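S.K.: Please find work-v4.txt (compact mmCIF, N, CA and C atoms) on the next line:
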# COMPACT_ATOMS: atom_id res chain seq x y z
N GLN A 1 40.17 3.42 -5.32
CA GLN A 1 39.17 3.39 -6.39
C GLN A 1 37.80 3.71 -5.81
N LEU A 2 37.14 4.69 -6.42
CA LEU A 2 35.82 5.10 -5.96
C LEU A 2 34.82 3.98 -6.17
N GLN A 3 34.07 3.66 -5.13
CA GLN A 3 33.08 2.60 -5.22
C GLN A 3 31.84 2.97 -4.43
N LEU A 4 30.69 2.67 -4.99
CA LEU A 4 29.40 2.86 -4.33
C LEU A 4 28.67 1.52 -4.33
N VAL A 5 28.18 1.13 -3.16
CA VAL A 5 27.47 -0.14 -3.05
C VAL A 5 26.14 0.08 -2.36
N GLU A 6 25.06 -0.25 -3.08
CA GLU A 6 23.73 -0.10 -2.53
C GLU A 6 23.32 -1.38 -1.80
N SER A 7 22.47 -1.21 -0.79
CA SER A 7 21.90 -2.36 -0.08
C SER A 7 20.56 -1.96 0.49
N GLY A 8 19.80 -2.95 0.94
CA GLY A 8 18.53 -2.68 1.58
C GLY A 8 17.31 -2.94 0.73
N GLY A 9 17.54 -3.37 -0.51
CA GLY A 9 16.42 -3.66 -1.38
C GLY A 9 15.70 -4.93 -0.99
N GLY A 10 14.54 -5.13 -1.63
CA GLY A 10 13.79 -6.35 -1.37
C GLY A 10 12.35 -6.22 -1.79
N LEU A 11 11.56 -7.16 -1.30
CA LEU A 11 10.13 -7.19 -1.59
C LEU A 11 9.36 -6.61 -0.41
N VAL A 12 8.45 -5.71 -0.68
CA VAL A 12 7.66 -5.07 0.37
C VAL A 12 6.24 -4.90 -0.13
N GLN A 13 5.29 -4.95 0.78
CA GLN A 13 3.89 -4.76 0.42
C GLN A 13 3.58 -3.27 0.23
N PRO A 14 2.60 -2.97 -0.57
CA PRO A 14 2.18 -1.57 -0.71
C PRO A 14 1.87 -0.95 0.65
N GLY A 15 2.33 0.26 0.83
CA GLY A 15 2.17 0.94 2.11
C GLY A 15 3.32 0.70 3.08
N GLY A 16 4.20 -0.21 2.73
CA GLY A 16 5.32 -0.54 3.61
C GLY A 16 6.49 0.43 3.46
N SER A 17 7.56 0.12 4.18
CA SER A 17 8.74 0.97 4.21
C SER A 17 10.00 0.15 3.99
N LEU A 18 10.99 0.82 3.44
CA LEU A 18 12.33 0.25 3.30
C LEU A 18 13.32 1.38 3.46
N ARG A 19 14.51 1.03 3.89
CA ARG A 19 15.59 2.00 3.92
C ARG A 19 16.74 1.48 3.07
N LEU A 20 17.09 2.22 2.06
CA LEU A 20 18.24 1.88 1.24
C LEU A 20 19.49 2.55 1.80
N SER A 21 20.60 1.85 1.66
CA SER A 21 21.88 2.39 2.07
C SER A 21 22.82 2.42 0.88
N CYS A 22 23.68 3.42 0.87
CA CYS A 22 24.71 3.53 -0.16
C CYS A 22 26.02 3.71 0.57
N ALA A 23 26.89 2.72 0.47
CA ALA A 23 28.18 2.76 1.13
C ALA A 23 29.24 3.23 0.14
N ALA A 24 29.97 4.26 0.54
CA ALA A 24 31.01 4.82 -0.33
C ALA A 24 32.39 4.40 0.16
N SER A 25 33.27 4.14 -0.76
CA SER A 25 34.64 3.81 -0.40
C SER A 25 35.57 4.31 -1.48
N GLY A 26 36.83 4.54 -1.09
CA GLY A 26 37.84 4.95 -2.06
C GLY A 26 37.88 6.44 -2.32
N PHE A 27 37.05 7.24 -1.61
CA PHE A 27 37.07 8.68 -1.81
C PHE A 27 36.52 9.38 -0.58
N THR A 28 36.74 10.69 -0.51
CA THR A 28 36.22 11.49 0.61
C THR A 28 34.81 11.92 0.30
N LEU A 29 33.86 11.34 1.00
CA LEU A 29 32.45 11.60 0.71
C LEU A 29 32.09 13.07 0.90
N ASP A 30 32.83 13.77 1.74
CA ASP A 30 32.51 15.16 2.09
C ASP A 30 32.40 16.07 0.88
N TYR A 31 33.09 15.74 -0.21
CA TYR A 31 33.13 16.62 -1.37
C TYR A 31 32.14 16.23 -2.46
N TYR A 32 31.28 15.26 -2.14
CA TYR A 32 30.41 14.72 -3.17
C TYR A 32 28.94 14.92 -2.84
N ALA A 33 28.19 15.39 -3.82
CA ALA A 33 26.75 15.29 -3.74
C ALA A 33 26.38 13.85 -4.12
N ILE A 34 25.32 13.35 -3.51
CA ILE A 34 24.89 11.99 -3.77
C ILE A 34 23.44 12.00 -4.25
N GLY A 35 23.18 11.21 -5.26
CA GLY A 35 21.83 11.11 -5.78
C GLY A 35 21.34 9.68 -5.76
N TRP A 36 20.03 9.54 -5.73
CA TRP A 36 19.38 8.24 -5.90
C TRP A 36 18.55 8.30 -7.17
N PHE A 37 18.68 7.25 -7.96
CA PHE A 37 17.94 7.14 -9.21
C PHE A 37 17.27 5.77 -9.24
N ARG A 38 16.32 5.62 -10.11
CA ARG A 38 15.68 4.32 -10.26
C ARG A 38 15.33 4.07 -11.72
N GLN A 39 15.25 2.80 -12.06
CA GLN A 39 14.87 2.42 -13.40
C GLN A 39 13.98 1.19 -13.34
N ALA A 40 12.78 1.35 -13.84
CA ALA A 40 11.83 0.25 -13.91
C ALA A 40 11.95 -0.42 -15.27
N PRO A 41 11.56 -1.68 -15.38
CA PRO A 41 11.65 -2.39 -16.67
C PRO A 41 10.91 -1.64 -17.76
N GLY A 42 11.60 -1.43 -18.87
CA GLY A 42 10.98 -0.77 -20.01
C GLY A 42 10.84 0.73 -19.89
N LYS A 43 11.39 1.30 -18.81
CA LYS A 43 11.28 2.74 -18.61
C LYS A 43 12.66 3.37 -18.52
N GLU A 44 12.69 4.67 -18.72
CA GLU A 44 13.94 5.39 -18.61
C GLU A 44 14.32 5.58 -17.14
N ARG A 45 15.61 5.79 -16.92
CA ARG A 45 16.09 6.07 -15.57
C ARG A 45 15.48 7.37 -15.08
N GLU A 46 15.09 7.37 -13.82
CA GLU A 46 14.40 8.50 -13.22
C GLU A 46 15.16 8.98 -11.99
N GLY A 47 15.35 10.27 -11.88
CA GLY A 47 15.95 10.83 -10.68
C GLY A 47 14.96 10.81 -9.54
N VAL A 48 15.39 10.36 -8.38
CA VAL A 48 14.53 10.24 -7.21
C VAL A 48 14.82 11.34 -6.19
N SER A 49 16.09 11.48 -5.83
CA SER A 49 16.45 12.43 -4.78
C SER A 49 17.94 12.69 -4.83
N CYS A 50 18.35 13.81 -4.26
CA CYS A 50 19.78 14.07 -4.10
C CYS A 50 19.99 14.85 -2.81
N ILE A 51 21.24 14.82 -2.36
CA ILE A 51 21.62 15.54 -1.16
C ILE A 51 22.98 16.18 -1.41
N SER A 52 23.13 17.42 -0.98
CA SER A 52 24.38 18.14 -1.20
C SER A 52 25.49 17.54 -0.35
N SER A 53 26.71 17.95 -0.64
CA SER A 53 27.86 17.35 0.03
C SER A 53 27.82 17.54 1.54
N SER A 54 27.30 18.66 2.00
CA SER A 54 27.22 18.92 3.44
C SER A 54 25.95 18.38 4.05
N GLY A 55 25.00 18.01 3.20
CA GLY A 55 23.70 17.57 3.70
C GLY A 55 22.72 18.71 3.91
N GLY A 56 23.14 19.93 3.62
CA GLY A 56 22.29 21.07 3.87
C GLY A 56 21.19 21.29 2.85
N TYR A 57 21.31 20.68 1.70
CA TYR A 57 20.31 20.81 0.66
C TYR A 57 19.87 19.42 0.22
N THR A 58 18.58 19.29 -0.01
CA THR A 58 18.04 18.06 -0.56
C THR A 58 17.07 18.42 -1.69
N ASN A 59 16.82 17.45 -2.52
CA ASN A 59 15.92 17.65 -3.66
C ASN A 59 15.20 16.32 -3.91
N TYR A 60 13.93 16.41 -4.28
CA TYR A 60 13.14 15.20 -4.49
C TYR A 60 12.32 15.32 -5.77
N ALA A 61 12.13 14.18 -6.42
CA ALA A 61 11.17 14.12 -7.51
C ALA A 61 9.76 14.29 -6.94
N ASP A 62 8.88 14.89 -7.72
CA ASP A 62 7.52 15.10 -7.25
C ASP A 62 6.85 13.79 -6.86
N SER A 63 7.20 12.73 -7.55
CA SER A 63 6.56 11.44 -7.32
C SER A 63 6.87 10.84 -5.95
N VAL A 64 7.92 11.34 -5.29
CA VAL A 64 8.30 10.75 -4.00
C VAL A 64 8.27 11.76 -2.86
N LYS A 65 7.99 13.02 -3.16
CA LYS A 65 7.96 14.04 -2.10
C LYS A 65 6.97 13.67 -1.01
N GLY A 66 7.40 13.83 0.22
CA GLY A 66 6.55 13.51 1.35
C GLY A 66 6.58 12.05 1.75
N ARG A 67 7.18 11.20 0.91
CA ARG A 67 7.26 9.76 1.23
C ARG A 67 8.70 9.30 1.43
N PHE A 68 9.62 9.88 0.69
CA PHE A 68 11.03 9.48 0.77
C PHE A 68 11.84 10.56 1.47
N THR A 69 12.86 10.14 2.19
CA THR A 69 13.77 11.07 2.86
C THR A 69 15.20 10.62 2.64
N ILE A 70 16.02 11.52 2.13
CA ILE A 70 17.43 11.23 1.91
C ILE A 70 18.24 11.83 3.06
N SER A 71 19.29 11.12 3.46
CA SER A 71 20.16 11.61 4.53
C SER A 71 21.56 11.05 4.30
N ARG A 72 22.51 11.60 5.02
CA ARG A 72 23.88 11.14 4.87
C ARG A 72 24.63 11.24 6.17
N ASP A 73 25.66 10.40 6.29
CA ASP A 73 26.56 10.43 7.43
C ASP A 73 27.96 10.38 6.83
N ASN A 74 28.57 11.54 6.68
CA ASN A 74 29.87 11.60 6.01
C ASN A 74 30.96 10.86 6.79
N ALA A 75 30.86 10.88 8.10
CA ALA A 75 31.86 10.19 8.92
C ALA A 75 31.84 8.69 8.65
N LYS A 76 30.65 8.15 8.42
CA LYS A 76 30.51 6.72 8.14
C LYS A 76 30.56 6.43 6.65
N LYS A 77 30.62 7.47 5.84
CA LYS A 77 30.62 7.33 4.39
C LYS A 77 29.37 6.59 3.91
N MET A 78 28.24 7.00 4.44
CA MET A 78 26.98 6.36 4.12
C MET A 78 25.94 7.40 3.70
N VAL A 79 25.11 7.01 2.76
CA VAL A 79 23.95 7.81 2.38
C VAL A 79 22.74 6.88 2.42
N TYR A 80 21.61 7.42 2.86
CA TYR A 80 20.42 6.60 3.07
C TYR A 80 19.24 7.18 2.30
N LEU A 81 18.34 6.30 1.96
CA LEU A 81 17.06 6.72 1.39
C LEU A 81 15.96 5.98 2.14
N GLN A 82 15.28 6.69 3.00
CA GLN A 82 14.15 6.12 3.73
C GLN A 82 12.91 6.25 2.86
N MET A 83 12.28 5.13 2.59
CA MET A 83 11.13 5.11 1.70
C MET A 83 9.92 4.61 2.46
N ASN A 84 8.93 5.45 2.59
CA ASN A 84 7.69 5.13 3.30
C ASN A 84 6.52 5.15 2.33
N SER A 85 5.43 4.56 2.76
CA SER A 85 4.19 4.55 1.95
C SER A 85 4.48 4.09 0.52
N LEU A 86 5.19 3.01 0.41
CA LEU A 86 5.61 2.54 -0.90
C LEU A 86 4.43 2.10 -1.76
N LYS A 87 4.56 2.35 -3.04
CA LYS A 87 3.51 2.04 -4.01
C LYS A 87 4.06 1.07 -5.05
N PRO A 88 3.21 0.33 -5.71
CA PRO A 88 3.69 -0.58 -6.76
C PRO A 88 4.51 0.15 -7.83
N GLU A 89 4.18 1.39 -8.10
CA GLU A 89 4.93 2.14 -9.11
C GLU A 89 6.32 2.54 -8.65
N ASP A 90 6.65 2.29 -7.40
CA ASP A 90 8.02 2.52 -6.91
C ASP A 90 8.93 1.33 -7.25
N THR A 91 8.35 0.27 -7.78
CA THR A 91 9.14 -0.90 -8.14
C THR A 91 10.17 -0.55 -9.21
N ALA A 92 11.43 -0.83 -8.92
CA ALA A 92 12.52 -0.48 -9.85
C ALA A 92 13.84 -0.95 -9.25
N VAL A 93 14.87 -0.85 -10.06
CA VAL A 93 16.23 -0.96 -9.54
C VAL A 93 16.66 0.44 -9.13
N TYR A 94 17.15 0.55 -7.90
CA TYR A 94 17.56 1.84 -7.36
C TYR A 94 19.08 1.92 -7.33
N TYR A 95 19.59 3.05 -7.81
CA TYR A 95 21.02 3.28 -7.88
C TYR A 95 21.39 4.53 -7.09
N CYS A 96 22.54 4.48 -6.43
CA CYS A 96 23.09 5.72 -5.90
C CYS A 96 24.23 6.17 -6.81
N ALA A 97 24.46 7.46 -6.81
CA ALA A 97 25.45 8.05 -7.69
C ALA A 97 26.12 9.21 -6.99
N ALA A 98 27.36 9.50 -7.37
CA ALA A 98 28.15 10.54 -6.71
C ALA A 98 28.61 11.58 -7.72
N ALA A 99 28.58 12.83 -7.29
CA ALA A 99 29.07 13.94 -8.10
C ALA A 99 30.16 14.66 -7.33
N ASN A 100 31.35 14.71 -7.89
CA ASN A 100 32.49 15.35 -7.24
C ASN A 100 32.40 16.87 -7.41
N LEU A 101 32.16 17.57 -6.30
CA LEU A 101 32.01 19.02 -6.35
C LEU A 101 33.20 19.76 -5.76
N GLY A 102 34.17 19.02 -5.23
CA GLY A 102 35.32 19.68 -4.63
C GLY A 102 35.00 20.26 -3.26
N PRO A 103 35.99 20.87 -2.62
CA PRO A 103 35.81 21.36 -1.24
C PRO A 103 34.89 22.55 -1.11
N PHE A 104 34.56 23.23 -2.22
CA PHE A 104 33.71 24.42 -2.13
C PHE A 104 32.37 24.23 -2.84
N GLY A 105 32.05 23.01 -3.14
CA GLY A 105 30.82 22.74 -3.88
C GLY A 105 29.68 22.26 -3.01
N GLY A 106 29.37 23.00 -1.96
CA GLY A 106 28.34 22.54 -1.03
C GLY A 106 26.96 23.07 -1.30
N GLY A 107 26.70 23.62 -2.47
CA GLY A 107 25.41 24.19 -2.77
C GLY A 107 24.37 23.15 -3.13
N PRO A 108 23.21 23.61 -3.59
CA PRO A 108 22.11 22.70 -3.94
C PRO A 108 22.50 21.69 -5.00
N CYS A 109 21.89 20.53 -4.95
CA CYS A 109 22.14 19.48 -5.95
C CYS A 109 20.95 19.40 -6.91
N THR A 110 21.16 18.68 -7.96
CA THR A 110 20.11 18.50 -8.95
C THR A 110 19.97 17.02 -9.28
N VAL A 111 18.75 16.56 -9.43
CA VAL A 111 18.51 15.14 -9.65
C VAL A 111 18.49 14.86 -11.16
N VAL A 112 19.64 15.10 -11.75
CA VAL A 112 19.81 14.86 -13.17
C VAL A 112 20.99 13.92 -13.35
N ALA A 113 20.80 12.87 -14.10
CA ALA A 113 21.81 11.82 -14.18
C ALA A 113 23.16 12.35 -14.66
N GLY A 114 23.16 13.27 -15.60
CA GLY A 114 24.41 13.78 -16.14
C GLY A 114 25.26 14.54 -15.15
N TYR A 115 24.68 14.92 -14.04
CA TYR A 115 25.38 15.64 -12.98
C TYR A 115 26.31 14.72 -12.20
N PHE A 116 26.07 13.43 -12.29
CA PHE A 116 26.76 12.45 -11.47
C PHE A 116 27.69 11.59 -12.32
N GLY A 117 28.92 11.42 -11.81
CA GLY A 117 29.92 10.73 -12.61
C GLY A 117 30.21 9.31 -12.19
N SER A 118 29.78 8.92 -10.99
CA SER A 118 30.07 7.58 -10.49
C SER A 118 28.79 6.94 -10.00
N TRP A 119 28.65 5.66 -10.32
CA TRP A 119 27.40 4.96 -10.05
C TRP A 119 27.64 3.61 -9.37
N GLY A 120 26.67 3.23 -8.54
CA GLY A 120 26.67 1.89 -7.97
C GLY A 120 26.03 0.90 -8.91
N GLN A 121 25.94 -0.35 -8.46
CA GLN A 121 25.40 -1.42 -9.28
C GLN A 121 23.89 -1.56 -9.17
N GLY A 122 23.31 -0.97 -8.15
CA GLY A 122 21.87 -0.99 -8.01
C GLY A 122 21.36 -2.07 -7.07
N THR A 123 20.16 -1.83 -6.54
CA THR A 123 19.47 -2.79 -5.69
C THR A 123 17.99 -2.79 -6.07
N GLN A 124 17.40 -3.98 -6.13
CA GLN A 124 16.03 -4.12 -6.61
C GLN A 124 15.03 -3.87 -5.49
N ILE A 125 14.03 -3.05 -5.79
CA ILE A 125 12.89 -2.84 -4.91
C ILE A 125 11.65 -3.33 -5.64
N THR A 126 10.91 -4.21 -5.00
CA THR A 126 9.65 -4.68 -5.57
C THR A 126 8.54 -4.42 -4.56
N VAL A 127 7.55 -3.66 -4.99
CA VAL A 127 6.41 -3.34 -4.14
C VAL A 127 5.20 -4.09 -4.69
N SER A 128 4.80 -5.10 -3.96
CA SER A 128 3.73 -5.95 -4.45
C SER A 128 3.07 -6.68 -3.30
N SER A 129 1.78 -6.94 -3.44
CA SER A 129 1.07 -7.72 -2.43
C SER A 129 1.06 -9.20 -2.81
Can the structure from this file be put into structure tokens for me?

M.R.:
Amino acid sequence: QLQLVESGGGLVQPGGSLRLSCAASGFTLDYYAIGWFRQAPGKEREGVSCISSSGGYTNYADSVKGRFTISRDNAKKMVYLQMNSLKPEDTAVYYCAAANLGPFGGGPCTVVAGYFGSWGQGTQITVSS
């Protein structure tokens, strides 16, 4: 059974850093693009970043470009989101999601929720002094 589990959330001061992890199980990560999304209270879910199945392509929302970095380790079945220079507006529940592209789907990914068919339960990030 395909499962995604996020970890690494917590409380951090503005300007601080956190690294989120997404652990995949029950499937071959190599064939999946992975995305990170977030949802703040009272707001719609927002795409943050994605990485192609091979890791050769990445995509970021304008709001996080230059501050967040997505990476993956297919052998460990892990995807990471390094978040630096955090701002209060980054406060949200962060979700990782997987899109099954098959063995030949290694092209660019898109940070659109409908592109992804499997989702984790989320981890809370709070940026506050």

S.K.: Fewer than 6 positions away in the same chain doesn't count, so skip those; otherwise give me all residues within 6 Å of Val93 (chain A), counting all atoms listed in the file, as a list in words.

M.R.: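 The filter keeps Phe37, Arg38, Gln39, Ala40, Gly122, Thr123, Gln124 and Ile125 of chain A.
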
S.K.: Atom N of Leu2 (chain A) and atom C of Glu44 (chain A), how far apart in Å?

M.R.: 25.2 Å

S.K.: Could you tell me how far CA of Arg67 (chain A) lies from CA of Val12 (chain A), in Å and to one decimal?

M.R.: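 These two atoms are separated by 14.9 Å.
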
S.K.: Using only C-alpha atoms, find the one residue out of A:Ala97, A:Leu18, A:Ser25, A:Gly106 that sits nearest to Gly56 (chain A).

M.R.: A:Gly106

S.K.: Considering only strand (DSSP E or B) as DSSP defines it on the backbone, what residues of region 8-114 of chain A qualify? List them as a VMD selection string.

M.R.: chain A and resid 10 to 12 18 to 25 32 to 39 46 to 51 58 to 60 68 to 73 78 to 83 92 to 100

S.K.: Tell me, in Å to one decimal, how far atom N of Cys50 (chain A) is from atom N of Ala113 (chain A).

M.R.: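 Those two atoms sit 10.2 Å apart.
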
S.K.: Any idea what's packed within 6 Å of Asn100 (chain A), counting only N, CA and C atoms, ignoring anything in its chain fewer than 6 positions away? Could you give it as a PyMOL selection string?

M.R.: chain A and resi 31-33+117

S.K.: I'd like to know which of A:Leu29, A:Leu20, A:Ala92, A:Leu101 is closest to Tyr80 (chain A), using only N, CA and C atoms.

M.R.: A:Leu20

S.K.: List the spatial neighbours of Cys22 (chain A) as a PyMOL selection string - criterion: any atom at most 6.5 Å away, only N, CA and C atoms, same-chain residues fewer than 6 positions off excluded.

M.R.: chain A and resi 4-7+77-81+96

S.K.: A:Gly15, A:Gly42, A:Gly35, A:Gly120: which is nearest Tyr60 (chain A), counting only C-alpha atoms?

M.R.: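 Going through A:Gly15, A:Gly42, A:Gly35, A:Gly120 one by one, the smallest distance to Tyr60 (chain A) is for A:Gly35.
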